[in-house]
Amino acid sequence: MTDPEFRDEQPAIMPIRRDLHFKLPAARVGDWHNEGRHVSHFFNALSLFFPDGERFFIHAVRHYRNQIQEPELQRAVTAFIGQEAMHGREHTECNEMLDEAGLPGAPLQGFVYKLTEFMKRVLPKSSQLSITIALEHLTAIMANSLLQDSRVVGNAEPHFARLWRWHALEETEHKAVAYDVWAATMGRNPLRYLQRVMGLITASFVFWPLVAIFMWRLTRADAGARAERGGWWRTLRFLFGTPGPLRRAIGEWFDYFKPGFHPWDHDNREYLGGIEPLLRDLEGDTLARAA
């Protein structure tokens with residue numbers, strides 16, 4: 001009988017590396033979201049984690065690549081690495097715009113770089129992979145919340161909205177790859193289960209306070225945000241009230257603690273049908289700029 005903690009399955013979806021450019025308008029980096037500057041800076045705070053966070057994920061997964069026997073998972077790992085590299089590149093462009101606007105993008109991203117380099121030096125490779133699959137779970141459930149309710153970014157400035165929808169779609173597409181690497185390379189014992197769930201607890205209690213601190217630093221440096229009345233309340237209402245992307249993700253966060261959990265237990269592949277319309281929108285925007 002197969003241990004449900006370590007399913008011997010092929011990846012449910014094969015990710016595809018896409019080399020896309022979003023032509024973000026730099027002048028809108030501080031107020032691109034229709035809910036105001038504070039909500040914009042919540043997403044900007046998340047963006048500051050992605051370039052070095054994605055590189056950490058690549059580093060953690062690549063270490064185990066040669067231990068994988070299944071050709072299908074090998075190909076999925078290659079695509080995972082390609083997608084994460086593209087995410088890092090596009091969010092680096094967004095983060096550089098924060099510096100151009102006089103906001104502390106570089107020092108905050110520099111903190112993330114130092115944190116990830118510290119983790120590479122001191123954590124065992126298995127712990128690095130455990131943190132990776134935990135953070136991939138966080139990004140997957142946040143992506144699901146974004147995709148299931150158009151109000152999360154649907155009325156935002158179109159270029160930024162496309163960037164976040166693309167990231168959410170590809171996070172969904174590859175959400176099981178790092179987890180399948182864990183399942184294929186770790187032993188079948190309770191200690192590995194404990195290591196997996198402790199990875200999520202640790203990641204959650206480090207990541208979310210840092211997001212709040214980063215958002216606070218951005219809003220304090222932004223004169224427009226300082227002048228925005230009720231911005232923090234509006235952000236809390238947005239995240240946990242309506243549309244409530246973080247509130248929606250709470251149940252899926254707890255699902256990770258099930259011994260038989262797998263990312264595709266949350267089968268939201270129907271949202272991947274949004275990839276082709278997004279690509280057409282990007283192509284149309286490129287043609288319009290060239291005309």
# chains A, B, ... in the order shown; residues from 1 in each chain; ligands from 1
call {"tool": "residues_around", "arguments": {"residues": "Arg248 in chain A", "least_positions_apart": "3", "cutoff": "9 Å", "atoms": "only C-alpha atoms", "output": "ChimeraX atom specification"}}
result
/A:141-142,144-145,240,243-245,251-252
call {"tool": "write_last_selection", "arguments": {"atoms": "all heavy atoms", "output": "mmCIF file, in the first residue's frame"}}
result
data_model
loop_
_atom_site.group_PDB
_atom_site.id
_atom_site.type_symbol
_atom_site.label_atom_id
_atom_site.label_comp_id
_atom_site.auth_asym_id
_atom_site.auth_seq_id
_atom_site.Cartn_x
_atom_site.Cartn_y
_atom_site.Cartn_z
ATOM 1 N N ILE A 141 -1.461 29.191 -2.706
ATOM 2 C CA ILE A 141 -2.786 29.502 -2.177
ATOM 3 C C ILE A 141 -3.114 30.980 -2.337
ATOM 4 O O ILE A 141 -4.280 31.348 -2.537
ATOM 5 C CB ILE A 141 -2.951 29.030 -0.716
ATOM 6 C CG1 ILE A 141 -1.986 29.736 0.225
ATOM 7 C CG2 ILE A 141 -2.768 27.519 -0.644
ATOM 8 C CD1 ILE A 141 -2.127 29.305 1.698
ATOM 9 N N MET A 142 -2.090 31.850 -2.300
ATOM 10 C CA MET A 142 -2.338 33.258 -2.604
ATOM 11 C C MET A 142 -2.698 33.434 -4.078
ATOM 12 O O MET A 142 -3.577 34.222 -4.428
ATOM 13 C CB MET A 142 -1.128 34.101 -2.237
ATOM 14 C CG MET A 142 -0.911 34.262 -0.740
ATOM 15 S SD MET A 142 0.374 35.472 -0.350
ATOM 16 C CE MET A 142 1.842 34.632 -0.944
ATOM 17 N N ASN A 144 -4.166 31.240 -5.944
ATOM 18 C CA ASN A 144 -5.525 30.759 -6.120
ATOM 19 C C ASN A 144 -6.538 31.826 -5.720
ATOM 20 O O ASN A 144 -7.551 32.028 -6.399
ATOM 21 C CB ASN A 144 -5.740 29.487 -5.298
ATOM 22 C CG ASN A 144 -7.097 28.859 -5.529
ATOM 23 O OD1 ASN A 144 -7.447 28.491 -6.642
ATOM 24 N ND2 ASN A 144 -7.891 28.755 -4.470
ATOM 25 N N SER A 145 -6.280 32.516 -4.613
ATOM 26 C CA SER A 145 -7.182 33.581 -4.177
ATOM 27 C C SER A 145 -7.261 34.700 -5.207
ATOM 28 O O SER A 145 -8.330 35.265 -5.456
ATOM 29 C CB SER A 145 -6.719 34.147 -2.828
ATOM 30 O OG SER A 145 -6.851 33.198 -1.803
ATOM 31 N N PHE A 240 -8.732 40.739 4.245
ATOM 32 C CA PHE A 240 -9.469 39.806 5.087
ATOM 33 C C PHE A 240 -10.981 39.980 5.027
ATOM 34 O O PHE A 240 -11.711 39.137 5.548
ATOM 35 C CB PHE A 240 -9.007 39.958 6.544
ATOM 36 C CG PHE A 240 -7.581 39.559 6.749
ATOM 37 C CD1 PHE A 240 -6.598 40.525 6.849
ATOM 38 C CD2 PHE A 240 -7.219 38.225 6.820
ATOM 39 C CE1 PHE A 240 -5.264 40.165 7.032
ATOM 40 C CE2 PHE A 240 -5.900 37.853 7.004
ATOM 41 C CZ PHE A 240 -4.915 38.829 7.108
ATOM 42 N N PRO A 243 -12.212 41.780 -1.223
ATOM 43 C CA PRO A 243 -12.483 40.389 -1.615
ATOM 44 C C PRO A 243 -11.844 39.330 -0.714
ATOM 45 O O PRO A 243 -12.134 38.152 -0.848
ATOM 46 C CB PRO A 243 -11.904 40.324 -3.028
ATOM 47 C CG PRO A 243 -10.779 41.311 -3.012
ATOM 48 C CD PRO A 243 -11.252 42.440 -2.133
ATOM 49 N N GLY A 244 -10.938 39.736 0.161
ATOM 50 C CA GLY A 244 -10.410 38.799 1.156
ATOM 51 C C GLY A 244 -9.490 37.718 0.651
ATOM 52 O O GLY A 244 -9.674 36.547 1.012
ATOM 53 N N PRO A 245 -8.440 38.033 -0.135
ATOM 54 C CA PRO A 245 -7.582 36.954 -0.643
ATOM 55 C C PRO A 245 -6.873 36.166 0.456
ATOM 56 O O PRO A 245 -6.710 34.947 0.328
ATOM 57 C CB PRO A 245 -6.576 37.690 -1.546
ATOM 58 C CG PRO A 245 -6.630 39.119 -1.101
ATOM 59 C CD PRO A 245 -8.020 39.362 -0.646
ATOM 60 N N GLY A 251 -8.014 28.246 5.006
ATOM 61 C CA GLY A 251 -8.327 26.818 5.019
ATOM 62 C C GLY A 251 -7.307 26.001 4.254
ATOM 63 O O GLY A 251 -6.912 24.911 4.705
ATOM 64 N N GLU A 252 -6.855 26.505 3.125
ATOM 65 C CA GLU A 252 -5.859 25.789 2.331
ATOM 66 C C GLU A 252 -4.513 25.758 3.050
ATOM 67 O O GLU A 252 -3.742 24.807 2.876
ATOM 68 C CB GLU A 252 -5.742 26.429 0.954
ATOM 69 C CG GLU A 252 -7.006 26.288 0.112
ATOM 70 C CD GLU A 252 -6.875 26.919 -1.255
ATOM 71 O OE1 GLU A 252 -5.830 27.556 -1.516
ATOM 72 O OE2 GLU A 252 -7.810 26.779 -2.059
#
call {"tool": "closest_atom_pairs", "arguments": {"of": "range 115-226 of chain A", "to": "range 20-32 of chain A", "cutoff": "8 Å", "atoms": "only C-alpha atoms", "output": "tab-separated table"}}
result
residue	atom	partner	partner_atom	distance
A:Ala156	CA	A:Trp32	CA	6.0
A:Glu157	CA	A:Trp32	CA	5.2
A:His159	CA	A:Leu24	CA	5.6
A:Phe160	CA	A:Leu24	CA	6.3
A:Arg162	CA	A:Phe22	CA	7.4
A:Leu163	CA	A:Phe22	CA	6.4
A:Asp222	CA	A:Gly30	CA	7.8
call {"tool": "residues_around", "arguments": {"residues": "Val181 in chain A", "least_positions_apart": "4", "cutoff": "10 Å", "atoms": "only C-alpha atoms", "output": "PyMOL selection string"}}
result
chain A and resi 11+61-62+64-65+67-68+73-74+76-77+129+133+176-177+185-186
call {"tool": "residues_around", "arguments": {"residues": "range 106-123 of chain A", "least_positions_apart": "6", "cutoff": "10 Å", "atoms": "only C-alpha atoms", "output": "list in words"}}
result
Ala45, Ser47, Leu48, Phe49, Phe50, Pro51, Asp52, Gly53, Glu54, Arg55, Phe56, Phe57, His59, Ala60, Thr92, Asn95, Glu96, Met97, Leu98, Asp99, Leu129, Ile131, Leu210, Ile213, Phe214, Arg217 and Leu218 of chain A
call {"tool": "select_by_dssp", "arguments": {"residues": "range 17-236 of chain A", "states": "helix (DSSP H, G or I)", "output": "ChimeraX atom specification"}}
result
/A:26-28,37-63,65-67,71-100,105-122,125-148,150-152,158-173,177-185,190-221,223-226,231-236
call {"tool": "closest_residue", "arguments": {"among": "A:Leu282, A:Met14, A:Ala178, A:Ile201", "to": "Ala161 in chain A", "atoms": "only C-alpha atoms"}}
result
A:Leu282
call {"tool": "residues_around", "arguments": {"residues": "Ala79 in chain A", "least_positions_apart": "3", "cutoff": "9 Å", "atoms": "only C-alpha atoms", "output": "list in words"}}
result
Met14, Pro15, Ile16, Arg17, Gln74, Arg75, Ala76, Gly82, Gln83, Glu84 and His174 of chain A
call {"tool": "write_last_selection", "arguments": {"atoms": "N, CA and C atoms", "output": "PDB file, in the first residue's frame"}}
result
ATOM      1  N   MET A  14       2.264  19.977 -16.607  1.00  0.00           N
ATOM      2  CA  MET A  14       3.639  20.256 -17.008  1.00  0.00           C
ATOM      3  C   MET A  14       3.808  21.762 -17.204  1.00  0.00           C
ATOM      4  N   PRO A  15       4.626  22.426 -16.380  1.00  0.00           N
ATOM      5  CA  PRO A  15       4.838  23.867 -16.555  1.00  0.00           C
ATOM      6  C   PRO A  15       5.529  24.178 -17.879  1.00  0.00           C
ATOM      7  N   ILE A  16       5.360  25.415 -18.322  1.00  0.00           N
ATOM      8  CA  ILE A  16       5.977  25.889 -19.562  1.00  0.00           C
ATOM      9  C   ILE A  16       6.710  27.195 -19.267  1.00  0.00           C
ATOM     10  N   ARG A  17       7.976  27.273 -19.645  1.00  0.00           N
ATOM     11  CA  ARG A  17       8.730  28.517 -19.481  1.00  0.00           C
ATOM     12  C   ARG A  17       8.285  29.509 -20.547  1.00  0.00           C
ATOM     13  N   GLN A  74      11.788  15.255 -14.034  1.00  0.00           N
ATOM     14  CA  GLN A  74      12.998  15.961 -14.470  1.00  0.00           C
ATOM     15  C   GLN A  74      12.637  17.126 -15.392  1.00  0.00           C
ATOM     16  N   ARG A  75      11.743  16.859 -16.346  1.00  0.00           N
ATOM     17  CA  ARG A  75      11.333  17.924 -17.273  1.00  0.00           C
ATOM     18  C   ARG A  75      10.571  19.020 -16.535  1.00  0.00           C
ATOM     19  N   ALA A  76       9.751  18.622 -15.556  1.00  0.00           N
ATOM     20  CA  ALA A  76       9.007  19.615 -14.784  1.00  0.00           C
ATOM     21  C   ALA A  76       9.952  20.504 -13.980  1.00  0.00           C
ATOM     22  N   GLY A  82      12.982  27.496 -15.090  1.00  0.00           N
ATOM     23  CA  GLY A  82      12.798  28.539 -16.092  1.00  0.00           C
ATOM     24  C   GLY A  82      11.727  29.541 -15.699  1.00  0.00           C
ATOM     25  N   GLN A  83      10.610  29.053 -15.184  1.00  0.00           N
ATOM     26  CA  GLN A  83       9.544  29.968 -14.774  1.00  0.00           C
ATOM     27  C   GLN A  83       9.990  30.852 -13.621  1.00  0.00           C
ATOM     28  N   GLU A  84      10.635  30.265 -12.618  1.00  0.00           N
ATOM     29  CA  GLU A  84      11.054  31.059 -11.472  1.00  0.00           C
ATOM     30  C   GLU A  84      12.083  32.120 -11.883  1.00  0.00           C
ATOM     31  N   HIS A 174       3.007  25.382 -11.699  1.00  0.00           N
ATOM     32  CA  HIS A 174       4.141  24.589 -11.174  1.00  0.00           C
ATOM     33  C   HIS A 174       4.050  24.344  -9.669  1.00  0.00           C
TER      34      HIS A 174
END
call {"tool": "closest_residue", "arguments": {"among": "A:Glu35, A:Leu103, A:Asp19, A:Gly241", "to": "Arg220 in chain A", "atoms": "only C-alpha atoms"}}
result
A:Leu103
call {"tool": "atom_distance", "arguments": {"atom1": "CA of Met86 in chain A", "atom2": "CA of Tyr256 in chain A"}}
result
26.9 Å
call {"tool": "closest_residue", "arguments": {"among": "A:Glu93, A:Glu136, A:Glu100, A:Asp281", "to": "Ser204 in chain A", "atoms": "only C-alpha atoms"}}
result
A:Glu136
call {"tool": "atom_distance", "arguments": {"atom1": "CA of Thr172 in chain A", "atom2": "CA of Asn268 in chain A"}}
result
7.9 Å
call {"tool": "closest_residue", "arguments": {"among": "A:Pro263, A:Gly231, A:Pro209, A:Gly105", "to": "Tyr179 in chain A", "atoms": "only C-alpha atoms"}}
result
A:Pro263
call {"tool": "closest_residue", "arguments": {"among": "A:Trp264, A:Glu270, A:Trp208, A:Val39", "to": "Asp180 in chain A", "atoms": "only C-alpha atoms"}}
result
A:Trp264
call {"tool": "decode", "arguments": {"residues": "range 164-247 of chain A", "atoms": "C-alpha atoms", "output": "PDB file, in the first residue's frame"}}
result
ATOM      1  CA  TRP A 164       0.338  39.600 -11.099  1.00  0.00           C
ATOM      2  CA  ARG A 165      -2.101  37.403 -13.010  1.00  0.00           C
ATOM      3  CA  TRP A 166       0.784  35.863 -14.995  1.00  0.00           C
ATOM      4  CA  HIS A 167       2.707  35.178 -11.807  1.00  0.00           C
ATOM      5  CA  ALA A 168      -0.377  33.635 -10.190  1.00  0.00           C
ATOM      6  CA  LEU A 169      -1.068  31.465 -13.227  1.00  0.00           C
ATOM      7  CA  GLU A 170       2.469  30.115 -13.422  1.00  0.00           C
ATOM      8  CA  GLU A 171       2.640  29.587  -9.654  1.00  0.00           C
ATOM      9  CA  THR A 172      -0.476  27.474 -10.091  1.00  0.00           C
ATOM     10  CA  GLU A 173       1.007  25.656 -13.063  1.00  0.00           C
ATOM     11  CA  HIS A 174       4.141  24.589 -11.174  1.00  0.00           C
ATOM     12  CA  LYS A 175       2.746  24.467  -7.634  1.00  0.00           C
ATOM     13  CA  ALA A 176       3.455  20.736  -7.156  1.00  0.00           C
ATOM     14  CA  VAL A 177       6.938  20.522  -8.699  1.00  0.00           C
ATOM     15  CA  ALA A 178       9.062  21.299  -5.633  1.00  0.00           C
ATOM     16  CA  TYR A 179       6.721  19.180  -3.506  1.00  0.00           C
ATOM     17  CA  ASP A 180       7.104  16.243  -5.901  1.00  0.00           C
ATOM     18  CA  VAL A 181      10.889  16.636  -5.664  1.00  0.00           C
ATOM     19  CA  TRP A 182      10.557  16.430  -1.872  1.00  0.00           C
ATOM     20  CA  ALA A 183       8.360  13.331  -2.159  1.00  0.00           C
ATOM     21  CA  ALA A 184      10.756  11.673  -4.615  1.00  0.00           C
ATOM     22  CA  THR A 185      13.945  12.285  -2.618  1.00  0.00           C
ATOM     23  CA  MET A 186      13.067  12.223   1.087  1.00  0.00           C
ATOM     24  CA  GLY A 187      12.574   9.117   3.182  1.00  0.00           C
ATOM     25  CA  ARG A 188       9.174   7.791   4.272  1.00  0.00           C
ATOM     26  CA  ASN A 189       9.122   8.450   7.995  1.00  0.00           C
ATOM     27  CA  PRO A 190       7.391  10.677  10.574  1.00  0.00           C
ATOM     28  CA  LEU A 191      10.479  12.864  10.983  1.00  0.00           C
ATOM     29  CA  ARG A 192      10.196  13.998   7.365  1.00  0.00           C
ATOM     30  CA  TYR A 193       6.526  14.803   7.889  1.00  0.00           C
ATOM     31  CA  LEU A 194       7.456  16.855  10.953  1.00  0.00           C
ATOM     32  CA  GLN A 195      10.181  18.631   8.983  1.00  0.00           C
ATOM     33  CA  ARG A 196       7.691  19.432   6.233  1.00  0.00           C
ATOM     34  CA  VAL A 197       5.047  20.959   8.509  1.00  0.00           C
ATOM     35  CA  MET A 198       7.614  22.808  10.614  1.00  0.00           C
ATOM     36  CA  GLY A 199       8.837  24.326   7.373  1.00  0.00           C
ATOM     37  CA  LEU A 200       5.424  25.878   6.816  1.00  0.00           C
ATOM     38  CA  ILE A 201       5.108  27.130  10.390  1.00  0.00           C
ATOM     39  CA  THR A 202       8.582  28.688  10.274  1.00  0.00           C
ATOM     40  CA  ALA A 203       8.100  30.203   6.826  1.00  0.00           C
ATOM     41  CA  SER A 204       4.720  31.681   7.729  1.00  0.00           C
ATOM     42  CA  PHE A 205       5.867  33.260  10.994  1.00  0.00           C
ATOM     43  CA  VAL A 206       8.919  34.803   9.321  1.00  0.00           C
ATOM     44  CA  PHE A 207       7.458  35.784   5.943  1.00  0.00           C
ATOM     45  CA  TRP A 208       4.250  37.594   6.928  1.00  0.00           C
ATOM     46  CA  PRO A 209       5.773  39.859   9.618  1.00  0.00           C
ATOM     47  CA  LEU A 210       8.488  40.805   7.115  1.00  0.00           C
ATOM     48  CA  VAL A 211       5.841  41.618   4.489  1.00  0.00           C
ATOM     49  CA  ALA A 212       4.138  43.927   7.013  1.00  0.00           C
ATOM     50  CA  ILE A 213       7.461  45.611   7.862  1.00  0.00           C
ATOM     51  CA  PHE A 214       8.318  46.054   4.178  1.00  0.00           C
ATOM     52  CA  MET A 215       4.893  47.542   3.482  1.00  0.00           C
ATOM     53  CA  TRP A 216       5.286  49.914   6.434  1.00  0.00           C
ATOM     54  CA  ARG A 217       8.712  51.024   5.143  1.00  0.00           C
ATOM     55  CA  LEU A 218       7.310  51.679   1.675  1.00  0.00           C
ATOM     56  CA  THR A 219       4.275  53.611   2.892  1.00  0.00           C
ATOM     57  CA  ARG A 220       6.379  55.691   5.293  1.00  0.00           C
ATOM     58  CA  ALA A 221       8.684  56.685   2.431  1.00  0.00           C
ATOM     59  CA  ASP A 222       5.792  57.520   0.076  1.00  0.00           C
ATOM     60  CA  ALA A 223       4.321  61.002   0.621  1.00  0.00           C
ATOM     61  CA  GLY A 224       1.181  60.013  -1.276  1.00  0.00           C
ATOM     62  CA  ALA A 225       0.645  57.006   0.991  1.00  0.00           C
ATOM     63  CA  ARG A 226       1.227  59.097   4.125  1.00  0.00           C
ATOM     64  CA  ALA A 227      -1.509  61.446   2.922  1.00  0.00           C
ATOM     65  CA  GLU A 228      -3.920  58.592   2.167  1.00  0.00           C
ATOM     66  CA  ARG A 229      -6.512  58.468   4.914  1.00  0.00           C
ATOM     67  CA  GLY A 230      -7.503  55.037   6.202  1.00  0.00           C
ATOM     68  CA  GLY A 231      -4.962  53.225   4.037  1.00  0.00           C
ATOM     69  CA  TRP A 232      -4.082  50.544   6.583  1.00  0.00           C
ATOM     70  CA  TRP A 233      -7.730  49.900   7.394  1.00  0.00           C
ATOM     71  CA  ARG A 234      -8.514  49.678   3.673  1.00  0.00           C
ATOM     72  CA  THR A 235      -5.700  47.149   3.256  1.00  0.00           C
ATOM     73  CA  LEU A 236      -6.971  44.974   6.121  1.00  0.00           C
ATOM     74  CA  ARG A 237     -10.494  45.124   4.724  1.00  0.00           C
ATOM     75  CA  PHE A 238      -9.183  44.222   1.273  1.00  0.00           C
ATOM     76  CA  LEU A 239      -7.092  41.280   2.524  1.00  0.00           C
ATOM     77  CA  PHE A 240      -9.469  39.806   5.087  1.00  0.00           C
ATOM     78  CA  GLY A 241     -12.874  41.250   4.251  1.00  0.00           C
ATOM     79  CA  THR A 242     -13.833  41.836   0.631  1.00  0.00           C
ATOM     80  CA  PRO A 243     -12.483  40.389  -1.615  1.00  0.00           C
ATOM     81  CA  GLY A 244     -10.410  38.799   1.156  1.00  0.00           C
ATOM     82  CA  PRO A 245      -7.582  36.954  -0.643  1.00  0.00           C
ATOM     83  CA  LEU A 246      -5.799  36.061   2.605  1.00  0.00           C
ATOM     84  CA  ARG A 247      -9.025  35.099   4.366  1.00  0.00           C
TER      85      ARG A 247
END
